[in-house]
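Each remark here refers to the structure printed beneath this line.
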2 protein chains.
Amino acid sequence: MKRIKIVVQYVGTNYAGWQVQKNEKTVQGEIEQALFNLFNQKIEVFASGRTDAGVHAFMQVAHFDCETKMPAEKIFYALNAHLPDDIKILSSCEVSKDFHARFNAKKKTYEYNFYTSFVNLPILDTFCTKISTNFDFKIAKKACKYFVGTFDFRSFCSQNSQKENTVRTVYSAKLVKRKEGFYTFQITGNGFLYNMVRIIVGTLFDVGSGKIAPKDIKKIIDAKNRNLAGQTAQAHGLILKKVEY
Amino acid sequence: MKRIKIVVQYVGTNYAGWQVQKNEKTVQGEIEQALFNLFNQKIEVFASGRTDAGVHAFMQVAHFDCETKMPAEKIFYALNAHLPDDIKILSSCEVSKDFHARFNAKKKTYEYNFYTSFVNLPILDTFCTKISTNFDFKIAKKACKYFVGTFDFRSFCSQNSQKENTVRTVYSAKLVKRKEGFYTFQITGNGFLYNMVRIIVGTLFDVGSGKIAPKDIKKIIDAKNRNLAGQTAQAHGLILKKVEY
């Protein structure tokens, strides 16, 4: 029995997220089906973490165990033949039995892409969220530093989450102007709570529109109250950029 | 009767190109249907030129005539409500009766995006073509200058075309490295023959892989023989960037 680590890229648009769900098309479900087609074994795949419905991944990491004589480095190629166009395995390699894609992940980086416009721009809409033109980049940028550090992020966690420990460390958070009216927010942390990145982004939208002052971010974190933070930004602007071990 | 000029952005993936065809979903067809829904008039839309099946447009220009009291600058907004997510009108304005989106176009700029990889990358695949990793950017770049000038581009025109005059002027042609393994070819001309940009790109692929020497481009142009140029590159890497009047 070998443990195989894979790096997966996917466009989340057509999936109900990573995790297998009954009667829903999911990324995990498609990969497990491809593994079944390839190896004729029922194999469970473990990712570094779930991504929500509509969220994309540039480099998601996952692992699984299988019985095979196929060289580990060739598995990704064979698997891709059984996967749809919007999910592809970028690489595969054998790892030690104590490697776990989720428990060993040390850092994760997410990006959130958005643009300000009166009109939806079809070319951008798959990977970017359109927001109001009432967005002051320089002010929103000032808010980013308040997210960096080790905090109880309960204010930035969906109330549907059952997580007991809501303390997380954010190593960096920055907002970059890519073109006039086109922005990327990038955040790296040791892990993220359910909807945490999307709620942080929704709060940055409120900072950019003047509803929340940058320095109030600290108060919102301290309050540990989801109602004080902004709305959960739409899923399709979010992409899991990388996972570090 | 007013003549209205519109700027249109679309993702060509789901369309059989710009031009109306029987039993096919086309961009022109969708816009004419939206105009019918909005104004209850059968209105024909004229673009700066057709785009092929699968080709995208960042800023296509078109015009149409209609009877309406709606201010011209508001028409785009009303039209968008009747259009699918992958086609949106970015602006509308009234123009003089002698404006014609096709006959008055002075310059067109196309971009072709491609990447070198062993594996398809789903995040890029909507707008970029995957090519072999055997591609030397520096050599392909050297070939670009040979396309600039006024030439008979018969060698770079689909043999299905019935165009009699195959002389066109290319004002600029450049290949840019956006990231390692990710490239954009940009070309501006007074007009392009059927498949001309895609055949030029296919020929650049052959230059990059060593099949054709950069200086042989001149010979290929002079020969006026389609068989000497490269293959027609895939449609989905191509995007009509802008049209100038």
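We label chains A, B, ... in the order they appear in the structure tokens, count residues from 1 in each chain, and number ligands from 1 in the order shown.
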
For chain B, work out the contacting residues on chain A at 10 Å, counting only C-alpha atoms, and write them as a VMD selection string.
chain A and resid 8 to 12 56 to 58 76 to 77 80 84 to 91 117 to 127 239

Tell me, as a PyMOL selection string, which residues lie within 9 Å of Gly210 in chain B, counting only C-alpha atoms; anything in the same chain fewer than 5 positions away does not count.
chain B and resi 134-136+139-140+205

May I have the selected residues written with all heavy atoms, as a PDB file, in the first residue's frame?
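Output saved as part.pdb:
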ATOM      1  N   ASN B 134       8.083  22.282 -25.608  1.00  0.00           N
ATOM      2  CA  ASN B 134       9.185  22.514 -26.542  1.00  0.00           C
ATOM      3  C   ASN B 134       8.938  23.827 -27.294  1.00  0.00           C
ATOM      4  O   ASN B 134       8.612  23.838 -28.483  1.00  0.00           O
ATOM      5  CB  ASN B 134       9.248  21.317 -27.511  1.00  0.00           C
ATOM      6  CG  ASN B 134      10.262  21.517 -28.614  1.00  0.00           C
ATOM      7  OD1 ASN B 134      11.217  22.274 -28.452  1.00  0.00           O
ATOM      8  ND2 ASN B 134      10.026  20.866 -29.741  1.00  0.00           N
ATOM      9  N   PHE B 135       9.025  24.951 -26.587  1.00  0.00           N
ATOM     10  CA  PHE B 135       8.741  26.264 -27.172  1.00  0.00           C
ATOM     11  C   PHE B 135       9.790  27.253 -26.678  1.00  0.00           C
ATOM     12  O   PHE B 135       9.902  27.493 -25.474  1.00  0.00           O
ATOM     13  CB  PHE B 135       7.338  26.737 -26.772  1.00  0.00           C
ATOM     14  CG  PHE B 135       7.011  28.112 -27.282  1.00  0.00           C
ATOM     15  CD1 PHE B 135       6.630  28.309 -28.610  1.00  0.00           C
ATOM     16  CD2 PHE B 135       7.091  29.217 -26.441  1.00  0.00           C
ATOM     17  CE1 PHE B 135       6.343  29.578 -29.088  1.00  0.00           C
ATOM     18  CE2 PHE B 135       6.804  30.493 -26.918  1.00  0.00           C
ATOM     19  CZ  PHE B 135       6.431  30.675 -28.238  1.00  0.00           C
ATOM     20  N   ASP B 136      10.574  27.786 -27.630  1.00  0.00           N
ATOM     21  CA  ASP B 136      11.625  28.742 -27.264  1.00  0.00           C
ATOM     22  C   ASP B 136      11.098  30.155 -27.487  1.00  0.00           C
ATOM     23  O   ASP B 136      10.986  30.631 -28.621  1.00  0.00           O
ATOM     24  CB  ASP B 136      12.863  28.462 -28.125  1.00  0.00           C
ATOM     25  CG  ASP B 136      14.054  29.313 -27.704  1.00  0.00           C
ATOM     26  OD1 ASP B 136      13.849  30.496 -27.351  1.00  0.00           O
ATOM     27  OD2 ASP B 136      15.184  28.792 -27.726  1.00  0.00           O
ATOM     28  N   ILE B 139      13.271  32.759 -29.521  1.00  0.00           N
ATOM     29  CA  ILE B 139      13.309  32.564 -30.973  1.00  0.00           C
ATOM     30  C   ILE B 139      11.971  32.977 -31.601  1.00  0.00           C
ATOM     31  O   ILE B 139      11.939  33.685 -32.613  1.00  0.00           O
ATOM     32  CB  ILE B 139      13.682  31.098 -31.314  1.00  0.00           C
ATOM     33  CG1 ILE B 139      15.161  30.873 -30.952  1.00  0.00           C
ATOM     34  CG2 ILE B 139      13.444  30.795 -32.791  1.00  0.00           C
ATOM     35  CD1 ILE B 139      15.659  29.468 -31.203  1.00  0.00           C
ATOM     36  N   ALA B 140      10.857  32.565 -30.961  1.00  0.00           N
ATOM     37  CA  ALA B 140       9.535  32.927 -31.494  1.00  0.00           C
ATOM     38  C   ALA B 140       9.385  34.453 -31.545  1.00  0.00           C
ATOM     39  O   ALA B 140       8.818  35.011 -32.489  1.00  0.00           O
ATOM     40  CB  ALA B 140       8.438  32.300 -30.643  1.00  0.00           C
ATOM     41  N   PHE B 205       4.200  29.135 -33.188  1.00  0.00           N
ATOM     42  CA  PHE B 205       4.426  27.895 -32.421  1.00  0.00           C
ATOM     43  C   PHE B 205       5.496  27.059 -33.133  1.00  0.00           C
ATOM     44  O   PHE B 205       6.382  26.477 -32.496  1.00  0.00           O
ATOM     45  CB  PHE B 205       3.143  27.076 -32.288  1.00  0.00           C
ATOM     46  CG  PHE B 205       2.073  27.707 -31.429  1.00  0.00           C
ATOM     47  CD1 PHE B 205       0.765  27.228 -31.441  1.00  0.00           C
ATOM     48  CD2 PHE B 205       2.365  28.788 -30.595  1.00  0.00           C
ATOM     49  CE1 PHE B 205      -0.214  27.792 -30.640  1.00  0.00           C
ATOM     50  CE2 PHE B 205       1.371  29.360 -29.792  1.00  0.00           C
ATOM     51  CZ  PHE B 205       0.080  28.862 -29.826  1.00  0.00           C
TER      52      PHE B 205
END

Show me, as a PyMOL selection string, the residues that have an atom within 8 Å of range 17-26 of chain B when counting only C-alpha atoms, minus same-chain residues fewer than 4 positions from it.
chain B and resi 12+30+50-55

CA of Lys141 in chain A and CA of Arg168 in chain A, how far apart in Å?
21.1 Å

Check the DSSP output for the backbone and give back, as a ChimeraX atom specification, the residues of range 44-244 of chain B in strand (DSSP E).
/B:46-47,56-66,87-95,107-116,129-131,149-152,167-179,182-189,238-244

Best match for closeness to Arg102 in chain B among B:Val167, B:Val148, B:Ala213, B:Val243, counting only C-alpha atoms:
B:Val243

Please identify which residues in range 24-242 of chain A DSSP calls alpha helix (DSSP H) from the backbone, and express them as a ChimeraX atom specification.
/A:27-39,72-80,122-125,137-143,196-208,216-223

Do you have the CA of Cys157 in chain A-CA of Lys138 in chain A distance handy?
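Separation of CA of Cys157 in chain A and CA of Lys138 in chain A: 25.6 Å.
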
Shell around Met196 in chain A at 8 Å using only C-alpha atoms, local window under 6 positions removed, as a ChimeraX atom specification
/A:153,156-158

Skip Lys242 in chain A itself and residues of its chain fewer than 2 positions away, then list as number ranges by chain all residues within 9 Å of it, counting only C-alpha atoms.
A: 57-61, 107-110, 240, 244

Neighbours of range 64-73 of chain A within 10 Å (only C-alpha atoms; same-chain residues fewer than 6 positions away dropped), as an NGL selection string?
:A and (1-6 or 32 or 35 or 39 or 41-47 or 91-95 or 97 or 100-101)

Export, as a PDB file, in the first residue's frame, the selected residues with N, CA and C atoms.
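Contents of the output file result-v5.pdb:
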ATOM      1  N   MET A   1       0.862  -1.211   0.000  1.00  0.00           N
ATOM      2  CA  MET A   1       0.000   0.000   0.000  1.00  0.00           C
ATOM      3  C   MET A   1       0.887   1.246   0.000  1.00  0.00           C
ATOM      4  N   LYS A   2       0.634   2.127  -0.976  1.00  0.00           N
ATOM      5  CA  LYS A   2       1.411   3.372  -1.062  1.00  0.00           C
ATOM      6  C   LYS A   2       0.538   4.562  -0.658  1.00  0.00           C
ATOM      7  N   ARG A   3       1.166   5.575  -0.030  1.00  0.00           N
ATOM      8  CA  ARG A   3       0.447   6.832   0.186  1.00  0.00           C
ATOM      9  C   ARG A   3       0.908   7.822  -0.890  1.00  0.00           C
ATOM     10  N   ILE A   4      -0.050   8.370  -1.606  1.00  0.00           N
ATOM     11  CA  ILE A   4       0.249   9.260  -2.728  1.00  0.00           C
ATOM     12  C   ILE A   4      -0.242  10.682  -2.397  1.00  0.00           C
ATOM     13  N   LYS A   5       0.637  11.632  -2.623  1.00  0.00           N
ATOM     14  CA  LYS A   5       0.259  13.050  -2.477  1.00  0.00           C
ATOM     15  C   LYS A   5       0.009  13.621  -3.870  1.00  0.00           C
ATOM     16  N   ILE A   6      -1.103  14.339  -4.033  1.00  0.00           N
ATOM     17  CA  ILE A   6      -1.390  14.961  -5.338  1.00  0.00           C
ATOM     18  C   ILE A   6      -1.617  16.460  -5.171  1.00  0.00           C
ATOM     19  N   GLU A  32     -12.399  10.766  -6.667  1.00  0.00           N
ATOM     20  CA  GLU A  32     -12.585   9.385  -6.192  1.00  0.00           C
ATOM     21  C   GLU A  32     -13.151   8.497  -7.301  1.00  0.00           C
ATOM     22  N   LEU A  35     -10.252   7.705  -9.565  1.00  0.00           N
ATOM     23  CA  LEU A  35      -9.404   6.684  -8.938  1.00  0.00           C
ATOM     24  C   LEU A  35     -10.033   5.303  -9.078  1.00  0.00           C
ATOM     25  N   PHE A  39      -8.029   2.398 -10.859  1.00  0.00           N
ATOM     26  CA  PHE A  39      -7.474   1.297 -10.060  1.00  0.00           C
ATOM     27  C   PHE A  39      -8.489   0.214  -9.702  1.00  0.00           C
ATOM     28  N   GLN A  41     -10.489   0.338  -7.342  1.00  0.00           N
ATOM     29  CA  GLN A  41     -10.521   0.269  -5.868  1.00  0.00           C
ATOM     30  C   GLN A  41     -11.330   1.462  -5.380  1.00  0.00           C
ATOM     31  N   LYS A  42     -12.038   1.281  -4.281  1.00  0.00           N
ATOM     32  CA  LYS A  42     -12.746   2.404  -3.662  1.00  0.00           C
ATOM     33  C   LYS A  42     -11.734   3.113  -2.760  1.00  0.00           C
ATOM     34  N   ILE A  43     -11.344   4.318  -3.153  1.00  0.00           N
ATOM     35  CA  ILE A  43     -10.252   5.013  -2.466  1.00  0.00           C
ATOM     36  C   ILE A  43     -10.757   6.353  -1.956  1.00  0.00           C
ATOM     37  N   GLU A  44     -10.482   6.659  -0.690  1.00  0.00           N
ATOM     38  CA  GLU A  44     -10.908   7.952  -0.140  1.00  0.00           C
ATOM     39  C   GLU A  44      -9.773   8.961  -0.263  1.00  0.00           C
ATOM     40  N   VAL A  45     -10.118  10.180  -0.650  1.00  0.00           N
ATOM     41  CA  VAL A  45      -9.130  11.227  -0.856  1.00  0.00           C
ATOM     42  C   VAL A  45      -9.271  12.277   0.249  1.00  0.00           C
ATOM     43  N   PHE A  46      -8.126  12.663   0.854  1.00  0.00           N
ATOM     44  CA  PHE A  46      -8.136  13.652   1.940  1.00  0.00           C
ATOM     45  C   PHE A  46      -7.433  14.920   1.471  1.00  0.00           C
ATOM     46  N   ALA A  47      -8.143  16.049   1.506  1.00  0.00           N
ATOM     47  CA  ALA A  47      -7.550  17.315   1.064  1.00  0.00           C
ATOM     48  C   ALA A  47      -6.997  18.094   2.242  1.00  0.00           C
ATOM     49  N   SER A  91       0.455  17.079 -10.306  1.00  0.00           N
ATOM     50  CA  SER A  91       1.584  16.197 -10.004  1.00  0.00           C
ATOM     51  C   SER A  91       1.171  15.161  -8.975  1.00  0.00           C
ATOM     52  N   SER A  92       1.964  14.098  -8.886  1.00  0.00           N
ATOM     53  CA  SER A  92       1.722  13.057  -7.879  1.00  0.00           C
ATOM     54  C   SER A  92       3.079  12.513  -7.436  1.00  0.00           C
ATOM     55  N   CYS A  93       3.178  12.157  -6.167  1.00  0.00           N
ATOM     56  CA  CYS A  93       4.421  11.533  -5.695  1.00  0.00           C
ATOM     57  C   CYS A  93       4.110  10.687  -4.466  1.00  0.00           C
ATOM     58  N   GLU A  94       5.004   9.745  -4.176  1.00  0.00           N
ATOM     59  CA  GLU A  94       4.790   8.907  -2.995  1.00  0.00           C
ATOM     60  C   GLU A  94       5.293   9.664  -1.767  1.00  0.00           C
ATOM     61  N   VAL A  95       4.539   9.579  -0.674  1.00  0.00           N
ATOM     62  CA  VAL A  95       4.955  10.202   0.583  1.00  0.00           C
ATOM     63  C   VAL A  95       4.923   9.145   1.679  1.00  0.00           C
ATOM     64  N   LYS A  97       3.944   7.229   5.173  1.00  0.00           N
ATOM     65  CA  LYS A  97       2.635   6.877   5.705  1.00  0.00           C
ATOM     66  C   LYS A  97       2.135   7.873   6.743  1.00  0.00           C
ATOM     67  N   HIS A 100      -0.123  13.599   6.205  1.00  0.00           N
ATOM     68  CA  HIS A 100      -1.569  13.814   6.100  1.00  0.00           C
ATOM     69  C   HIS A 100      -1.806  15.204   5.528  1.00  0.00           C
ATOM     70  N   ALA A 101      -2.518  15.267   4.398  1.00  0.00           N
ATOM     71  CA  ALA A 101      -2.706  16.540   3.679  1.00  0.00           C
ATOM     72  C   ALA A 101      -3.319  17.604   4.578  1.00  0.00           C
TER      73      ALA A 101
END

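Taking CA of Asp206 in chain B and CA of Val170 in chain B as endpoints, the distance between them is 20.3 Å.
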